[in-house]
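One file, model_16.txt, carrying compact mmCIF, C-alpha atoms:
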# COMPACT_ATOMS: atom_id res chain seq x y z
CA MET A 1 124.37 170.02 -147.33
CA GLY A 2 128.19 170.08 -147.06
CA TRP A 3 130.83 172.21 -148.72
CA GLY A 4 130.60 171.99 -152.45
CA SER A 5 126.86 171.29 -152.35
CA ALA A 6 124.90 173.64 -154.54
CA GLY A 7 124.20 176.93 -152.82
CA THR A 8 126.28 176.43 -149.66
CA GLY A 9 129.79 176.94 -148.42
CA PRO A 10 132.66 178.99 -149.75
CA ALA A 11 132.60 177.40 -153.20
CA ALA A 12 128.90 177.97 -153.87
CA TRP A 13 129.56 180.72 -156.44
CA LEU A 14 131.58 178.38 -158.69
CA PRO A 15 130.08 176.13 -161.38
CA ALA A 16 129.59 172.58 -160.09
CA ALA A 17 132.49 171.22 -162.13
CA GLN A 18 134.89 173.71 -160.53
CA ARG A 19 133.73 173.52 -156.89
CA SER A 20 135.95 170.63 -155.98
CA ALA A 21 138.55 168.94 -158.14
CA THR A 22 138.85 165.47 -156.67
CA LEU A 23 140.57 162.69 -158.55
CA VAL A 24 138.99 159.25 -158.84
CA PRO A 25 139.85 156.69 -156.13
CA ASP A 26 141.52 154.31 -158.60
CA SER A 27 144.00 156.98 -159.63
CA PRO A 28 147.63 156.43 -158.59
CA VAL A 29 147.74 160.14 -157.72
CA PRO A 30 146.32 161.17 -154.32
CA ALA A 31 143.00 163.05 -154.31
CA ILE A 32 143.28 166.81 -154.05
CA GLN A 33 140.39 169.17 -153.47
CA SER A 34 140.81 172.79 -154.51
CA TRP A 35 138.79 175.98 -154.04
CA ALA A 36 139.38 179.60 -155.06
CA ARG A 37 137.87 182.95 -154.18
CA ALA A 38 138.59 186.46 -155.47
CA LEU A 39 138.24 189.25 -152.92
CA PRO A 40 138.59 193.03 -153.09
CA GLY A 41 142.14 194.10 -152.25
CA THR A 42 141.27 195.95 -149.06
CA PRO A 43 142.45 195.36 -145.48
CA GLN A 44 138.83 194.78 -144.45
CA GLN A 45 138.70 191.64 -146.63
CA ALA A 46 141.49 189.88 -144.72
CA GLY A 47 138.91 188.56 -142.24
CA ALA A 48 136.76 187.14 -145.05
CA ALA A 49 139.83 185.44 -146.51
CA ARG A 50 140.73 183.94 -143.11
CA HIS A 51 137.17 182.64 -142.64
CA PHE A 52 137.22 181.13 -146.14
CA VAL A 53 140.38 179.14 -145.32
CA ALA A 54 139.30 178.23 -141.77
CA ASP A 55 135.92 176.92 -142.96
CA LEU A 56 137.49 174.79 -145.69
CA LEU A 57 140.06 173.28 -143.32
CA LYS A 58 137.78 172.40 -140.39
CA GLY A 59 139.18 169.26 -138.77
CA SER A 60 142.63 169.64 -140.29
CA PRO A 61 145.59 169.81 -137.89
CA LEU A 62 147.09 172.34 -140.32
CA ARG A 63 144.12 174.73 -140.08
CA ASP A 64 145.60 177.31 -137.66
CA ASP A 65 148.94 177.47 -139.47
CA ALA A 66 147.16 177.76 -142.84
CA VAL A 67 145.01 180.65 -141.58
CA MET A 68 148.12 182.42 -140.26
CA VAL A 69 149.96 181.91 -143.58
CA LEU A 70 146.95 183.13 -145.56
CA SER A 71 146.60 186.19 -143.34
CA GLU A 72 150.21 187.21 -143.93
CA LEU A 73 150.13 186.57 -147.69
CA PHE A 74 146.80 188.38 -148.12
CA THR A 75 148.02 191.37 -146.11
CA ASN A 76 151.24 191.51 -148.15
CA ALA A 77 149.20 191.48 -151.37
CA VAL A 78 147.11 194.43 -150.18
CA VAL A 79 150.01 196.45 -148.75
CA HIS A 80 152.79 195.78 -151.27
CA THR A 81 151.14 195.21 -154.68
CA ASP A 82 148.73 196.76 -157.15
CA SER A 83 145.95 194.71 -155.54
CA GLY A 84 145.80 197.32 -152.79
CA LYS A 85 144.93 200.09 -155.26
CA PRO A 86 141.27 201.08 -155.81
CA GLY A 87 139.47 198.27 -157.62
CA GLY A 88 142.25 195.77 -156.90
CA LEU A 89 141.62 192.08 -156.32
CA VAL A 90 143.35 189.28 -154.43
CA THR A 91 142.65 185.64 -155.33
CA VAL A 92 142.96 183.02 -152.61
CA GLN A 93 143.29 179.35 -153.56
CA VAL A 94 143.18 176.49 -151.07
CA SER A 95 144.11 172.94 -152.02
CA ARG A 96 143.81 170.09 -149.55
CA TRP A 97 144.94 166.48 -149.60
CA ARG A 98 145.67 163.85 -147.00
CA GLY A 99 148.49 165.23 -144.87
CA GLY A 100 148.89 168.57 -146.61
CA VAL A 101 147.50 171.94 -147.62
CA ARG A 102 148.50 174.46 -150.28
CA ILE A 103 147.67 178.14 -149.80
CA ALA A 104 148.16 180.29 -152.89
CA VAL A 105 147.54 184.03 -153.04
CA THR A 106 147.55 185.81 -156.40
CA ASP A 107 147.84 189.57 -156.45
CA GLN A 108 147.94 192.04 -159.33
CA GLY A 109 151.69 192.37 -159.36
CA SER A 110 154.43 194.69 -158.19
CA PRO A 111 157.84 195.70 -159.53
CA ARG A 112 159.33 194.62 -156.17
CA VAL A 113 160.15 190.98 -155.51
CA PRO A 114 159.27 189.18 -152.26
CA VAL A 115 162.12 189.13 -149.73
CA ILE A 116 162.42 186.85 -146.73
CA CYS A 117 163.97 188.90 -143.94
CA THR A 118 165.51 187.11 -140.98
CA PRO A 119 164.41 188.90 -137.82
CA THR A 120 167.05 190.59 -135.72
CA ALA A 121 166.94 192.20 -132.31
CA CYS A 122 167.16 195.63 -133.98
CA GLU A 123 164.07 195.26 -136.16
CA PRO A 124 160.53 196.02 -134.98
CA ALA A 125 158.56 192.82 -134.40
CA GLU A 126 155.42 194.18 -136.10
CA SER A 127 156.84 194.67 -139.58
CA GLY A 128 159.07 193.03 -142.14
CA ASN A 129 159.21 189.48 -140.83
CA GLY A 130 156.00 188.02 -142.24
CA LEU A 131 157.52 185.97 -145.04
CA PHE A 132 160.10 184.65 -142.59
CA MET A 133 157.25 183.42 -140.37
CA VAL A 134 155.51 181.89 -143.40
CA SER A 135 158.75 180.17 -144.42
CA CYS A 136 159.04 178.66 -140.93
CA LEU A 137 155.51 177.24 -141.08
CA ALA A 138 155.66 176.01 -144.69
CA SER A 139 157.24 172.83 -146.00
CA GLN A 140 157.68 174.66 -149.30
CA LEU A 141 157.34 178.34 -150.23
CA ASP A 142 157.52 179.50 -153.86
CA TRP A 143 156.38 182.37 -156.05
CA HIS A 144 156.01 183.13 -159.73
CA ASP A 145 154.85 186.00 -161.92
CA ASP A 146 152.59 185.67 -164.93
CA ALA A 147 150.12 187.79 -166.90
CA SER A 148 147.62 187.81 -164.01
CA GLY A 149 150.15 189.06 -161.44
CA ARG A 150 152.22 187.33 -158.78
CA THR A 151 151.26 184.10 -157.02
CA ILE A 152 152.88 183.11 -153.75
CA CYS A 153 152.30 179.48 -152.74
CA ALA A 154 152.92 177.86 -149.38
CA ILE A 155 152.61 174.14 -148.80
CA LEU A 156 152.06 173.02 -145.24
CA GLY A 157 152.50 169.43 -144.12
CA LYS A 158 153.29 166.63 -146.53
CA VAL A 159 154.49 167.73 -149.97
CA PRO A 160 153.14 165.47 -152.74
CA HIS A 161 156.09 165.97 -155.12
CA ASP A 162 154.60 164.04 -158.02
CA HIS A 163 151.13 165.56 -158.08
CA PRO A 164 150.56 167.91 -161.05
CA ALA A 165 148.10 170.08 -159.12
CA VAL A 166 150.72 171.23 -156.64
CA ARG A 167 153.82 171.46 -158.85
CA LEU A 168 155.13 174.96 -158.47
CA ALA A 169 157.58 177.07 -160.38
CA THR A 170 160.73 177.07 -158.26
CA PRO A 171 162.53 180.41 -158.14
CA SER A 172 166.10 180.61 -156.96
CA TRP A 173 165.03 181.75 -153.49
CA ALA A 174 162.51 178.94 -152.87
CA TRP A 175 162.53 177.97 -149.21
CA ARG A 176 162.19 174.36 -148.21
CA SER A 177 162.44 172.92 -144.74
If you convert what's in this file into structure tokens, what do you get?
Amino acid sequence: MGWGSAGTGPAAWLPAAQRSATLVPDSPVPAIQSWARALPGTPQQAGAARHFVADLLKGSPLRDDAVMVLSELFTNAVVHTDSGKPGGLVTVQVSRWRGGVRIAVTDQGSPRVPVICTPTACEPAESGNGLFMVSCLASQLDWHDDASGRTICAILGKVPHDHPAVRLATPSWAWRS
């Protein structure tokens, strides 16, 4: 049984209709598969989040970059938002299509806004430059707030501009390469 088959893989806990959203082949819009998983907002869950993404992207040339992006966004959610408080949750969404991947991490919000810091020789290498690294790996990096919290989305590879499943709110700081 492969991913999305009943009882196996990272999407096994979802109802069958939600395991994989793939459009029909005759559609003029490219097929996109999408999975989501909510995890406790603890540092110990970062490994589970990385495995979730790595397993879904087996065979993709974007796999390693996507895991690195997810790791940074998940860690930021735990360290800098209400998701890191007792009982907090972080939701990880992975969407995949030919030539591209979208990693979205939804946290439970923060009064602070994300800031992309350009590294300098005076700053420690271990802290403060994560979103800069993500912006270098991503074709598009956006974020938005809503009632569920803050979602930060990174698209790696080809950006399907006309696909409704990957249209993102574009804040004034959106980074595009």
- [ ] Have a look at CA of Ser71 in chain A and CA of Val94 in chain A and let me know their distance in Å, one decimal.
- [x]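 Value for the CA of Ser71 in chain A-CA of Val94 in chain A distance: 12.9 Å.
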- [ ] State, in Å with one decimal place, the distance from CA of Phe74 in chain A to CA of Thr151 in chain A.
- [x]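 Rounded to one decimal, the two atoms are 10.8 Å apart.
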Open item on the list: For a test of reading the model, state the distance in Å between CA of Thr91 in chain A and CA of Thr106 in chain A, rounded to one decimal.
Closed with: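 Calculated distance between CA of Thr91 in chain A and CA of Thr106 in chain A is 5.0 Å.
With all atoms listed in the file as the basis for measurement, A:Leu70 is the residue among A:Leu70, A:Leu56, A:Cys153, A:Ala36 that approaches Gly130 in chain A most closely.
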Open item on the list: Report as a list in words all protein, DNA and RNA residues lying within 12 Å of Lys85 in chain A, evaluated on all atoms listed in the file, omitting residues in the same chain fewer than 3 positions from it.
Closed with: Pro40, Gly41, Thr42, Pro43, Ala77, Val78, Val79, His80, Thr81, Asp82, Gly88, Leu89, Val90, Asp107, Gln108, Gly109 and Ser110 of chain A
Go ahead and write the residues just picked, C-alpha atoms, as a PDB file, keeping the file's coordinate frame.
ATOM      1  CA  PRO A  40     138.590 193.030-153.090  1.00  0.00           C
ATOM      2  CA  GLY A  41     142.140 194.100-152.250  1.00  0.00           C
ATOM      3  CA  THR A  42     141.270 195.950-149.060  1.00  0.00           C
ATOM      4  CA  PRO A  43     142.450 195.360-145.480  1.00  0.00           C
ATOM      5  CA  ALA A  77     149.200 191.480-151.370  1.00  0.00           C
ATOM      6  CA  VAL A  78     147.110 194.430-150.180  1.00  0.00           C
ATOM      7  CA  VAL A  79     150.010 196.450-148.750  1.00  0.00           C
ATOM      8  CA  HIS A  80     152.790 195.780-151.270  1.00  0.00           C
ATOM      9  CA  THR A  81     151.140 195.210-154.680  1.00  0.00           C
ATOM     10  CA  ASP A  82     148.730 196.760-157.150  1.00  0.00           C
ATOM     11  CA  GLY A  88     142.250 195.770-156.900  1.00  0.00           C
ATOM     12  CA  LEU A  89     141.620 192.080-156.320  1.00  0.00           C
ATOM     13  CA  VAL A  90     143.350 189.280-154.430  1.00  0.00           C
ATOM     14  CA  ASP A 107     147.840 189.570-156.450  1.00  0.00           C
ATOM     15  CA  GLN A 108     147.940 192.040-159.330  1.00  0.00           C
ATOM     16  CA  GLY A 109     151.690 192.370-159.360  1.00  0.00           C
ATOM     17  CA  SER A 110     154.430 194.690-158.190  1.00  0.00           C
TER      18      SER A 110
END
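Contact shell of Ser95 in chain A at 6 Å (all atoms listed in the file; same-chain neighbours under 6 positions omitted): Gln33, Ser34, Val101 and Arg102 of chain A.
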- [ ] Check the smallest atom-to-atom distance from each of A:Gly100, A:Pro111, A:Cys117, A:Lys58 to Gln140 in chain A using only C-alpha atoms, then report the winner.
- [x]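 Closest to Gln140 in chain A of all the choices is A:Gly100.
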